[in-house]
>>> print(open('my_file-v5.tsv').read())   # TSV, C-alpha atoms
chain	number	residue	atom	x	y	z
A	1	MET	CA	58.81	-58.57	-71.15
A	2	SER	CA	55.32	-57.07	-71.00
A	3	ILE	CA	54.83	-53.41	-70.12
A	4	VAL	CA	51.98	-52.40	-67.85
A	5	PRO	CA	49.75	-49.78	-69.55
A	6	ALA	CA	50.33	-46.25	-68.28
A	7	ASN	CA	46.72	-46.00	-67.16
A	8	ALA	CA	43.50	-47.97	-67.07
A	9	LEU	CA	42.03	-46.14	-70.08
A	10	SER	CA	44.76	-47.41	-72.39
A	11	GLY	CA	43.73	-51.00	-71.67
A	12	LEU	CA	40.17	-50.47	-72.89
A	13	THR	CA	41.24	-50.78	-76.54
A	14	VAL	CA	42.16	-54.47	-76.08
A	15	ALA	CA	39.54	-57.24	-76.24
A	16	ARG	CA	39.10	-59.17	-72.99
A	17	ASP	CA	38.87	-62.95	-72.87
A	18	PHE	CA	37.72	-63.50	-69.28
A	19	LEU	CA	34.20	-64.10	-68.00
A	20	PRO	CA	32.96	-61.55	-65.44
A	21	ALA	CA	31.43	-62.93	-62.25
A	22	ARG	CA	30.33	-61.78	-58.82
A	23	VAL	CA	29.65	-63.03	-55.32
A	24	SER	CA	27.43	-60.69	-53.30
A	25	SER	CA	25.09	-60.52	-50.33
A	26	TRP	CA	21.98	-60.22	-52.51
A	27	ASP	CA	18.71	-61.62	-51.12
A	28	LYS	CA	18.15	-64.85	-53.00
A	29	THR	CA	14.44	-64.80	-52.13
A	30	GLY	CA	14.01	-61.74	-54.35
A	31	ARG	CA	13.24	-59.47	-51.42
A	32	ASN	CA	15.32	-56.55	-50.24
A	33	ARG	CA	17.19	-58.09	-47.31
A	34	ASP	CA	20.45	-57.81	-49.21
A	35	ALA	CA	22.80	-58.17	-46.26
A	36	TRP	CA	24.22	-60.87	-44.03
A	37	PRO	CA	24.22	-60.83	-40.22
A	38	ILE	CA	27.42	-61.98	-38.47
A	39	GLU	CA	27.18	-63.27	-34.91
A	40	PRO	CA	29.71	-62.42	-32.16
A	41	GLY	CA	32.77	-64.65	-32.53
A	42	GLU	CA	31.61	-65.92	-35.92
A	43	THR	CA	33.91	-66.29	-38.93
A	44	LYS	CA	31.77	-65.63	-42.01
A	45	VAL	CA	33.01	-66.80	-45.41
A	46	LEU	CA	31.99	-64.11	-47.89
A	47	ALA	CA	33.43	-65.76	-50.99
A	48	ASP	CA	34.91	-69.17	-51.80
A	49	ILE	CA	35.79	-69.06	-55.50
A	50	GLU	CA	37.39	-71.67	-57.72
A	51	GLY	CA	40.16	-70.53	-60.04
A	52	PRO	CA	41.95	-69.53	-62.05
A	53	GLY	CA	40.67	-66.01	-61.66
A	54	VAL	CA	41.32	-62.46	-60.57
A	55	ILE	CA	39.33	-60.47	-58.00
A	56	SER	CA	38.99	-57.02	-59.58
A	57	HIS	CA	36.77	-55.05	-57.17
A	58	ILE	CA	35.53	-55.36	-53.58
A	59	TRP	CA	32.77	-53.21	-52.06
A	60	PHE	CA	31.61	-53.33	-48.43
A	61	THR	CA	29.19	-51.38	-46.28
A	62	ILE	CA	28.36	-52.41	-42.74
A	63	ALA	CA	25.73	-51.69	-40.10
A	64	SER	CA	26.81	-52.59	-36.58
A	65	PRO	CA	25.71	-51.39	-33.13
A	66	ASP	CA	29.36	-51.33	-32.04
A	67	ASN	CA	30.91	-48.09	-33.27
A	68	MET	CA	34.36	-49.73	-33.15
A	69	TYR	CA	33.41	-52.22	-35.88
A	70	LEU	CA	36.06	-50.89	-38.26
A	71	ARG	CA	38.75	-52.16	-35.87
A	72	LYS	CA	36.91	-55.13	-34.33
A	73	LEU	CA	36.05	-56.87	-37.61
A	74	ILE	CA	38.99	-58.70	-39.20
A	75	LEU	CA	39.28	-59.19	-42.96
A	76	ARG	CA	41.19	-62.28	-44.10
A	77	MET	CA	41.96	-63.56	-47.59
A	78	TYR	CA	43.49	-66.90	-48.54
A	79	TRP	CA	44.85	-67.92	-51.94
A	80	ASP	CA	45.14	-71.42	-53.42
A	81	GLY	CA	44.42	-73.42	-50.30
A	82	GLU	CA	47.09	-71.90	-48.05
A	83	LYS	CA	46.46	-72.40	-44.35
A	84	THR	CA	47.63	-68.92	-43.32
A	85	PRO	CA	46.03	-65.74	-44.71
A	86	SER	CA	47.75	-63.54	-47.29
A	87	VAL	CA	45.57	-60.63	-46.13
A	88	GLU	CA	44.88	-60.00	-42.45
A	89	THR	CA	43.82	-56.56	-41.26
A	90	PRO	CA	40.96	-54.77	-39.50
A	91	VAL	CA	38.36	-54.12	-42.13
A	92	GLY	CA	38.44	-50.32	-41.88
A	93	ASP	CA	42.21	-50.01	-42.04
A	94	PHE	CA	42.34	-52.20	-45.15
A	95	PHE	CA	40.36	-49.52	-47.03
A	96	GLY	CA	42.42	-46.70	-45.50
A	97	LEU	CA	39.94	-45.80	-42.74
A	98	GLY	CA	42.12	-45.34	-39.68
A	99	HIS	CA	41.33	-44.81	-35.99
A	100	ALA	CA	37.90	-46.50	-36.48
A	101	ARG	CA	36.68	-43.32	-38.23
A	102	THR	CA	34.51	-43.00	-41.32
A	103	TYR	CA	35.30	-40.35	-43.91
A	104	SER	CA	35.26	-39.88	-47.68
A	105	TYR	CA	38.43	-39.87	-49.75
A	106	GLN	CA	39.74	-41.00	-53.13
A	107	CYS	CA	43.02	-42.57	-54.27
A	108	ALA	CA	44.00	-44.99	-57.04
A	109	PRO	CA	43.35	-48.37	-55.33
A	110	PHE	CA	40.68	-47.26	-52.81
A	111	ASN	CA	37.82	-44.89	-52.23
A	112	THR	CA	35.28	-44.42	-49.46
A	113	SER	CA	32.09	-42.39	-49.24
A	114	CYS	CA	29.95	-41.47	-46.25
A	115	HIS	CA	27.87	-38.75	-44.64
A	116	GLY	CA	29.92	-36.64	-42.26
A	117	HIS	CA	33.69	-36.58	-41.96
A	118	GLY	CA	35.56	-38.39	-39.24
A	119	GLN	CA	32.79	-39.73	-37.04
A	120	ILE	CA	33.45	-42.82	-34.95
A	121	GLY	CA	31.74	-45.69	-36.66
A	122	GLY	CA	28.75	-44.92	-38.86
A	123	GLY	CA	27.87	-46.18	-42.30
A	124	CYS	CA	30.40	-45.94	-45.13
A	125	ALA	CA	30.86	-47.30	-48.64
A	126	MET	CA	34.30	-48.91	-48.99
A	127	ASN	CA	35.84	-49.83	-52.36
A	128	CYS	CA	39.06	-51.59	-53.36
A	129	TRP	CA	40.42	-52.02	-56.91
A	130	PHE	CA	43.67	-53.84	-56.19
A	131	GLN	CA	43.84	-56.83	-58.55
A	132	MET	CA	43.99	-60.16	-56.68
A	133	PRO	CA	44.87	-63.20	-58.83
A	134	PHE	CA	44.49	-66.81	-57.74
A	135	LEU	CA	45.23	-70.08	-59.50
A	136	LYS	CA	43.09	-72.63	-57.66
A	137	ASN	CA	40.94	-70.92	-55.06
A	138	ALA	CA	40.20	-67.61	-53.31
A	139	ARG	CA	38.54	-67.42	-49.91
A	140	ILE	CA	37.51	-64.17	-48.20
A	141	GLU	CA	36.42	-64.15	-44.56
A	142	ILE	CA	35.20	-61.68	-41.97
A	143	VAL	CA	35.81	-62.44	-38.29
A	144	ASN	CA	33.46	-60.67	-35.85
A	145	GLU	CA	35.40	-59.96	-32.65
A	146	GLN	CA	32.65	-57.73	-31.25
A	147	SER	CA	30.48	-58.74	-28.32
A	148	GLU	CA	27.44	-57.83	-30.45
A	149	PRO	CA	26.27	-59.11	-33.83
A	150	VAL	CA	26.84	-57.26	-37.06
A	151	HIS	CA	23.28	-56.44	-38.10
A	152	ALA	CA	23.99	-56.08	-41.81
A	153	PHE	CA	27.08	-56.80	-43.87
A	154	TYR	CA	26.57	-55.81	-47.52
A	155	PHE	CA	29.23	-56.79	-50.05
A	156	TYR	CA	30.24	-57.27	-53.67
A	157	VAL	CA	33.25	-59.36	-54.72
A	158	ASP	CA	33.63	-58.86	-58.48
A	159	TYR	CA	36.03	-61.22	-60.22
A	160	GLN	CA	37.20	-62.53	-63.57
A	161	LYS	CA	37.13	-66.19	-64.64
A	162	HIS	CA	40.21	-67.04	-66.69
A	163	LYS	CA	41.18	-70.19	-68.60
A	164	SER	CA	44.71	-69.80	-67.29
A	165	LEU	CA	47.03	-67.24	-65.74
A	166	GLY	CA	50.70	-66.69	-66.51
A	167	ASP	CA	53.46	-68.55	-64.70
A	168	ASP	CA	54.80	-65.26	-63.36
A	169	VAL	CA	51.57	-64.25	-61.56
A	170	LEU	CA	52.05	-62.84	-58.06
A	171	HIS	CA	49.56	-62.95	-55.19
A	172	PHE	CA	48.23	-59.92	-53.31
A	173	HIS	CA	49.18	-59.47	-49.64
A	174	ALA	CA	48.20	-56.97	-46.95
A	175	ASN	CA	48.98	-56.94	-43.24
A	176	TRP	CA	48.13	-54.60	-40.35
A	177	ARG	CA	50.38	-53.91	-37.38
A	178	ARG	CA	50.58	-51.41	-34.53
A	179	GLU	CA	53.02	-49.98	-31.98
A	180	ASN	CA	51.25	-48.04	-29.23
A	181	PRO	CA	53.37	-46.18	-28.39
A	182	CYS	CA	56.57	-46.39	-30.41
A	183	SER	CA	59.67	-46.35	-28.20
A	184	GLY	CA	60.95	-42.83	-28.73
A	185	TRP	CA	64.14	-41.78	-26.94
A	186	THR	CA	63.27	-38.14	-26.10
A	187	GLY	CA	60.32	-39.01	-23.92
A	188	GLU	CA	57.80	-37.36	-26.21
A	189	GLY	CA	54.48	-38.97	-25.39
A	190	SER	CA	55.87	-41.81	-23.25
A	191	PHE	CA	57.63	-42.73	-20.02
A	192	TRP	CA	61.11	-42.58	-21.54
A	193	MET	CA	62.02	-39.24	-19.98
A	194	SER	CA	62.27	-41.00	-16.61
A	195	ARG	CA	64.89	-43.38	-18.02
A	196	PRO	CA	68.03	-41.30	-18.73
A	197	TRP	CA	69.82	-44.33	-20.21
A	198	ALA	CA	67.41	-44.17	-23.17
A	199	LEU	CA	68.67	-40.69	-24.02
A	200	ARG	CA	72.28	-41.79	-23.77
A	201	GLU	CA	71.64	-44.84	-25.96
A	202	ALA	CA	70.35	-42.79	-28.89
A	203	GLY	CA	72.64	-39.86	-28.22
A	204	PRO	CA	71.83	-36.15	-27.89
A	205	ASP	CA	72.93	-35.53	-31.49
A	206	GLY	CA	70.05	-37.64	-32.78
A	207	VAL	CA	72.16	-39.98	-34.93
A	208	ASN	CA	70.56	-43.19	-36.23
A	209	LEU	CA	72.57	-45.58	-38.41
A	210	THR	CA	70.41	-48.65	-37.96
A	211	ASP	CA	66.76	-49.51	-38.49
A	212	ASP	CA	66.57	-51.71	-35.39
A	213	LYS	CA	64.23	-49.34	-33.53
A	214	ASN	CA	62.32	-48.04	-36.53
A	215	TYR	CA	58.61	-48.66	-37.01
A	216	LEU	CA	58.44	-51.85	-39.10
A	217	ILE	CA	56.10	-51.51	-42.08
A	218	MET	CA	56.58	-54.98	-43.58
A	219	GLU	CA	58.96	-57.88	-44.18
A	220	ALA	CA	58.61	-60.61	-46.79
A	221	LYS	CA	60.57	-63.48	-48.32
A	222	GLY	CA	60.16	-64.64	-51.90
A	223	ARG	CA	59.87	-62.75	-55.15
A	224	GLY	CA	57.53	-59.82	-55.56
A	225	HIS	CA	57.12	-56.08	-55.20
A	226	TYR	CA	56.10	-53.72	-52.43
A	227	VAL	CA	53.23	-51.45	-53.50
A	228	GLY	CA	52.55	-49.19	-50.54
A	229	VAL	CA	51.24	-48.44	-47.08
A	230	ASN	CA	48.72	-46.38	-45.15
A	231	PHE	CA	49.48	-45.05	-41.66
A	232	SER	CA	47.20	-44.07	-38.80
A	233	ILE	CA	49.21	-41.89	-36.43
A	234	ASP	CA	48.06	-40.42	-33.12
A	235	HIS	CA	50.18	-37.75	-31.43
A	236	GLN	CA	51.14	-38.65	-27.89
A	237	ALA	CA	52.78	-35.26	-27.37
A	238	LYS	CA	52.53	-31.99	-29.25
A	239	GLY	CA	54.94	-31.46	-32.09
A	240	TRP	CA	55.59	-32.55	-35.66
A	241	TRP	CA	55.31	-36.34	-35.91
A	242	GLY	CA	57.34	-36.59	-39.12
A	243	GLU	CA	61.02	-36.31	-40.01
A	244	GLY	CA	61.31	-40.08	-39.86
A	245	ASP	CA	63.44	-41.49	-42.70
A	246	ASP	CA	62.12	-44.49	-44.62
A	247	MET	CA	64.61	-47.36	-45.03
A	248	ILE	CA	64.23	-50.29	-47.44
A	249	PHE	CA	66.54	-53.31	-47.54
A	250	ILE	CA	66.22	-55.45	-50.68
A	251	ASP	CA	67.57	-58.97	-51.35
A	252	ARG	CA	69.94	-58.99	-48.37
A	253	ASP	CA	69.10	-62.51	-47.11
A	254	GLY	CA	68.17	-60.89	-43.83
A	255	GLU	CA	71.38	-58.86	-43.50
A	256	ARG	CA	70.88	-55.15	-42.73
A	257	THR	CA	74.30	-53.52	-42.86
A	258	PHE	CA	73.99	-49.77	-43.41
A	259	PRO	CA	73.19	-48.04	-45.63
A	260	PRO	CA	69.92	-49.58	-46.82
A	261	ASP	CA	69.29	-49.96	-50.54
A	262	MET	CA	66.79	-47.10	-50.41
A	263	HIS	CA	67.04	-44.35	-47.76
A	264	GLY	CA	64.66	-41.41	-47.52
A	265	THR	CA	64.84	-37.91	-46.06
A	266	GLY	CA	61.71	-37.64	-43.91
A	267	SER	CA	58.18	-38.95	-43.41
A	268	GLU	CA	56.41	-36.32	-45.49
A	269	ASP	CA	59.05	-36.76	-48.20
A	270	TYR	CA	58.35	-40.52	-48.36
A	271	LEU	CA	54.66	-39.63	-48.50
A	272	ALA	CA	55.51	-37.43	-51.55
A	273	GLN	CA	54.60	-34.17	-49.80
A	274	ALA	CA	56.82	-31.47	-48.25
A	275	TRP	CA	56.99	-28.99	-45.35
A	276	GLY	CA	54.68	-31.15	-43.30
A	277	MET	CA	51.50	-32.73	-44.62
A	278	GLN	CA	48.69	-30.95	-46.41
A	279	LYS	CA	44.98	-31.76	-46.38
A	280	ASN	CA	44.65	-33.50	-49.74
A	281	ALA	CA	44.16	-37.02	-51.05
A	282	HIS	CA	45.87	-37.65	-54.40
A	283	LEU	CA	45.93	-40.80	-56.54
A	284	TYR	CA	49.07	-42.27	-55.01
A	285	ASN	CA	49.80	-40.22	-51.89
A	286	GLY	CA	48.20	-37.89	-49.42
A	287	GLN	CA	46.45	-37.32	-46.13
A	288	SER	CA	42.98	-38.79	-46.21
A	289	TRP	CA	41.84	-37.48	-42.82
A	290	CYS	CA	42.97	-35.39	-39.85
A	291	GLU	CA	41.20	-34.93	-36.54
A	292	LEU	CA	41.94	-31.20	-36.30
A	293	GLU	CA	41.37	-28.68	-39.05
A	294	ASP	CA	44.26	-26.58	-37.74
A	295	SER	CA	47.57	-27.70	-36.24
A	296	PHE	CA	47.09	-31.23	-37.57
A	297	ASN	CA	50.84	-31.59	-38.11
A	298	ASP	CA	51.38	-31.00	-34.38
A	299	TRP	CA	48.45	-32.61	-32.60
A	300	GLY	CA	45.61	-35.09	-32.95
A	301	LYS	CA	45.03	-38.11	-35.15
A	302	VAL	CA	45.99	-38.26	-38.84
A	303	CYS	CA	45.70	-40.81	-41.66
A	304	VAL	CA	48.22	-40.73	-44.52
A	305	TYR	CA	49.23	-43.02	-47.39
A	306	ARG	CA	51.74	-43.69	-50.15
A	307	TYR	CA	51.01	-46.24	-52.90
A	308	HIS	CA	53.75	-47.42	-55.25
A	309	ILE	CA	51.43	-48.14	-58.16
A	310	LEU	CA	53.52	-46.53	-60.91
A	311	ASP	CA	56.79	-47.11	-59.02
A	312	PRO	CA	56.60	-50.56	-57.37
A	313	ILE	CA	59.69	-51.74	-55.47
A	314	PRO	CA	60.68	-55.25	-56.64
A	315	PHE	CA	62.53	-57.90	-54.65
A	316	THR	CA	63.71	-61.35	-55.67
A	317	LYS	CA	64.68	-62.85	-52.29
A	318	ASP	CA	63.41	-60.68	-49.46
A	319	ILE	CA	62.52	-57.15	-48.42
A	320	ARG	CA	62.29	-55.15	-45.21
A	321	VAL	CA	60.55	-51.76	-45.13
A	322	SER	CA	60.70	-49.53	-42.05
A	323	ILE	CA	60.49	-45.85	-41.10
A	324	GLU	CA	61.73	-43.80	-38.17
A	325	HIS	CA	59.09	-42.46	-35.77
A	326	GLY	CA	60.36	-38.91	-35.73
A	327	HIS	CA	63.97	-38.00	-36.46
A	328	ALA	CA	66.25	-40.81	-35.26
A	329	ASN	CA	63.18	-42.32	-33.54
A	330	ASP	CA	62.78	-39.47	-31.08
A	331	ARG	CA	58.98	-39.63	-30.82
A	332	SER	CA	56.69	-42.07	-29.03
A	333	ASP	CA	53.49	-41.68	-31.03
A	334	ASP	CA	50.86	-44.36	-31.65
A	335	TYR	CA	51.49	-45.86	-35.10
A	336	SER	CA	49.41	-48.41	-36.98
A	337	SER	CA	49.61	-49.30	-40.64
A	338	VAL	CA	48.56	-51.60	-43.45
A	339	ALA	CA	51.30	-52.61	-45.89
A	340	TYR	CA	50.44	-53.93	-49.37
A	341	TRP	CA	52.59	-56.06	-51.64
A	342	TYR	CA	52.54	-58.83	-54.25
A	343	GLN	CA	54.69	-61.94	-54.02
A	344	THR	CA	55.10	-65.62	-54.82
A	345	GLU	CA	53.57	-68.14	-52.47
A	346	PRO	CA	54.12	-69.55	-49.95
A	347	HIS	CA	54.63	-66.45	-47.82
A	348	VAL	CA	56.07	-66.20	-44.32
A	349	PRO	CA	53.09	-66.35	-41.91
A	350	PHE	CA	52.21	-63.06	-40.26
A	351	GLY	CA	52.64	-62.50	-36.55
A	352	PRO	CA	49.58	-62.88	-34.31
A	353	MET	CA	46.86	-60.26	-34.67
A	354	LEU	CA	46.46	-58.03	-31.62
A	355	ALA	CA	43.39	-58.71	-29.51
A	356	ALA	CA	40.39	-56.49	-30.30
A	357	GLU	CA	40.81	-54.32	-27.20
A	358	LEU	CA	44.44	-53.63	-28.15
A	359	ARG	CA	43.42	-52.51	-31.63
A	360	LEU	CA	41.11	-49.73	-30.42
A	361	PRO	CA	42.10	-46.09	-30.96
A	362	ASN	CA	43.13	-43.83	-28.09
A	363	PHE	CA	40.63	-41.32	-26.69
>>> encode(input="my_file-v5.tsv", output="structure tokens")
Amino acid sequence: MSIVPANALSGLTVARDFLPARVSSWDKTGRNRDAWPIEPGETKVLADIEGPGVISHIWFTIASPDNMYLRKLILRMYWDGEKTPSVETPVGDFFGLGHARTYSYQCAPFNTSCHGHGQIGGGCAMNCWFQMPFLKNARIEIVNEQSEPVHAFYFYVDYQKHKSLGDDVLHFHANWRRENPCSGWTGEGSFWMSRPWALREAGPDGVNLTDDKNYLIMEAKGRGHYVGVNFSIDHQAKGWWGEGDDMIFIDRDGERTFPPDMHGTGSEDYLAQAWGMQKNAHLYNGQSWCELEDSFNDWGKVCVYRYHILDPIPFTKDIRVSIEHGHANDRSDDYSSVAYWYQTEPHVPFGPMLAAELRLPNF
């Protein structure tokens, strides 16, 4: 059994036997038009690489007249000739930029850099260092679901050419989903207060011994490990959005009898913070952006994340990861998320992506 080095620096003492390579948007005429336009409705293939290999770094920056481009452009990745994508998410959310906002932050697998903090749209450098192995082929696409063209899409896809990869290699997956709003039973931020049966169903004592009405982060079948999630949460009523317990069912063959294999104590606890969220972005957890400088735990839009890089959660058959939206699912906030995991192929195809207008943030 091999042991993953404790940090990237420890691996620099070992000789590497791969060939470095890159696909980028560079101007092959030698001029400085180092970007690709993407027409409305067009699916642009950024990279189509023969394997075996490992994508080691992705960098994007985008100029678009539509300031919702971070939600209207879809990023898809396919491994080894599969017909359904292993990565499907709005391009901004993939890099941890929620609510179609640009801001600068740093964590272990991602960083972003831009002028300003939290503007809608605007230019931004986006980086990803998740390792993405493939045996036969890797294809990366951008789908433009704007009504206007992308004027300039700049990109690097840095990768490694290998002679072979191990039999136990797992493929990278990421998927975006949204519930707007979540179905909270107290009526906070929704129409539920006018339906008294909803209160009776959950109970006034706020007991929840099932994950049926939780916010679903991800489900997968196969062998692999879950490595994290980012959330974009928008208050639909004033008050603390957290206190939702995370629940993870592992290798149950779809059965979800309580208790789950891993049960948490509250949203900020799962996010490895406490007493609400604080305005910091650490390597593996944190809050990358909040709309309001004050009272951000009680109002406005927030973006938070937890990456299981040093503590991945393995599964051999299947996994289901969910979290309550408020204690016992009492709140009806707008939740969206990108979950990240590695697994064997083939994977269960993702559900249909929401239409572009249903992906837009609330104003």
>>> atom_distance(input="my_file-v5.tsv", atom1="CA of Asp330 in chain A", atom2="CA of Asn180 in chain A")
14.5 Å
>>> atom_distance(input="my_file-v5.tsv", atom1="CA of Ser295 in chain A", atom2="CA of Pro361 in chain A")
19.9 Å
>>> atom_distance(input="my_file-v5.tsv", atom1="CA of Gly184 in chain A", atom2="CA of Arg331 in chain A")
4.3 Å
>>> closest_residue(input="my_file-v5.tsv", among="A:Glu324, A:Glu179, A:Glu291, A:Asp158", to="Asn214 in chain A", atoms="all atoms listed in the file")
A:Glu324
>>> residues_around(input="my_file-v5.tsv", residues="Tyr284 in chain A", least_positions_apart="2", cutoff="6 Å", atoms="all atoms listed in the file", output="list of chain:residue names")
A:His282, A:Arg306, A:Tyr307
>>> closest_atom_pairs(input="my_file-v5.tsv", of="range 328-356 of chain A", to="range 90-109 of chain A", cutoff="12 Å", atoms="only C-alpha atoms", output="CSV")
residue,atom,partner,partner_atom,distance
A:Asp334,CA,A:His99,CA,10.5
A:Tyr335,CA,A:His99,CA,10.3
A:Ser336,CA,A:Gly98,CA,8.4
A:Ser337,CA,A:Asp93,CA,7.6
A:Val338,CA,A:Phe94,CA,6.5
A:Ala339,CA,A:Phe94,CA,9.0
A:Tyr340,CA,A:Phe94,CA,9.3
A:Met353,CA,A:Pro90,CA,9.4
A:Leu354,CA,A:Pro90,CA,10.1
A:Ala355,CA,A:Pro90,CA,11.0
A:Ala356,CA,A:Pro90,CA,9.4
>>> closest_residue(input="my_file-v5.tsv", among="A:Asn127, A:Ser64, A:Ser86, A:Thr257", to="Val150 in chain A", atoms="only C-alpha atoms")
A:Ser64
>>> residues_around(input="my_file-v5.tsv", residues="Asp48 in chain A", least_positions_apart="2", cutoff="7 Å", atoms="all atoms listed in the file", output="ChimeraX atom specification")
/A:50,138-140
>>> closest_residue(input="my_file-v5.tsv", among="A:His225, A:His171, A:His57, A:Lys28", to="Phe155 in chain A", atoms="only C-alpha atoms")
A:His57
>>> axis_aligned_box(input="my_file-v5.tsv", around="range 85-102 of chain A", padding_each_side="4 Å", output="AutoDock Vina command-line options")
--center_x 41.1 --center_y -54.4 --center_z -41.6 --size_x 21.2 --size_y 30.7 --size_z 19.3
>>> build_atoms(input="my_file-v5.tsv", residues="range 236-254 of chain A", atoms="N, CA and C atoms", output="compact mmCIF listing (two decimals), in the coordinates of the input")
# COMPACT_ATOMS: atom_id res chain seq x y z
N GLN A 236 51.13 -38.44 -29.32
CA GLN A 236 51.14 -38.65 -27.89
C GLN A 236 51.77 -37.48 -27.15
N ALA A 237 52.30 -36.53 -27.90
CA ALA A 237 52.78 -35.26 -27.37
C ALA A 237 52.75 -34.27 -28.51
N LYS A 238 52.60 -32.99 -28.20
CA LYS A 238 52.53 -31.99 -29.25
C LYS A 238 53.86 -31.88 -29.99
N GLY A 239 53.76 -31.59 -31.25
CA GLY A 239 54.94 -31.46 -32.09
C GLY A 239 54.79 -32.24 -33.37
N TRP A 240 55.62 -31.91 -34.34
CA TRP A 240 55.59 -32.55 -35.66
C TRP A 240 55.97 -34.02 -35.54
N TRP A 241 55.08 -34.90 -36.04
CA TRP A 241 55.31 -36.34 -35.91
C TRP A 241 56.27 -36.87 -36.97
N GLY A 242 56.56 -36.09 -38.00
CA GLY A 242 57.34 -36.59 -39.12
C GLY A 242 58.84 -36.52 -38.90
N GLU A 243 59.55 -36.30 -39.93
CA GLU A 243 61.02 -36.31 -40.01
C GLU A 243 61.62 -37.70 -39.90
N GLY A 244 60.79 -38.73 -39.90
CA GLY A 244 61.31 -40.08 -39.86
C GLY A 244 61.71 -40.56 -41.25
N ASP A 245 62.96 -40.99 -41.41
CA ASP A 245 63.44 -41.49 -42.70
C ASP A 245 62.91 -42.89 -42.97
N ASP A 246 62.47 -43.14 -44.21
CA ASP A 246 62.12 -44.49 -44.62
C ASP A 246 63.40 -45.23 -45.02
N MET A 247 63.44 -46.53 -44.74
CA MET A 247 64.61 -47.36 -45.03
C MET A 247 64.13 -48.68 -45.61
N ILE A 248 64.67 -49.07 -46.76
CA ILE A 248 64.23 -50.29 -47.44
C ILE A 248 65.46 -51.13 -47.78
N PHE A 249 65.48 -52.35 -47.26
CA PHE A 249 66.54 -53.31 -47.54
C PHE A 249 66.01 -54.36 -48.51
N ILE A 250 66.70 -54.59 -49.61
CA ILE A 250 66.22 -55.45 -50.68
C ILE A 250 67.23 -56.56 -50.96
N ASP A 251 66.77 -57.80 -50.96
CA ASP A 251 67.57 -58.97 -51.35
C ASP A 251 68.86 -59.07 -50.56
N ARG A 252 68.77 -58.93 -49.25
CA ARG A 252 69.94 -58.99 -48.37
C ARG A 252 70.06 -60.33 -47.63
N ASP A 253 69.13 -61.25 -47.87
CA ASP A 253 69.10 -62.51 -47.11
C ASP A 253 69.07 -62.25 -45.61
N GLY A 254 68.33 -61.21 -45.24
CA GLY A 254 68.17 -60.89 -43.83
C GLY A 254 69.24 -59.98 -43.25
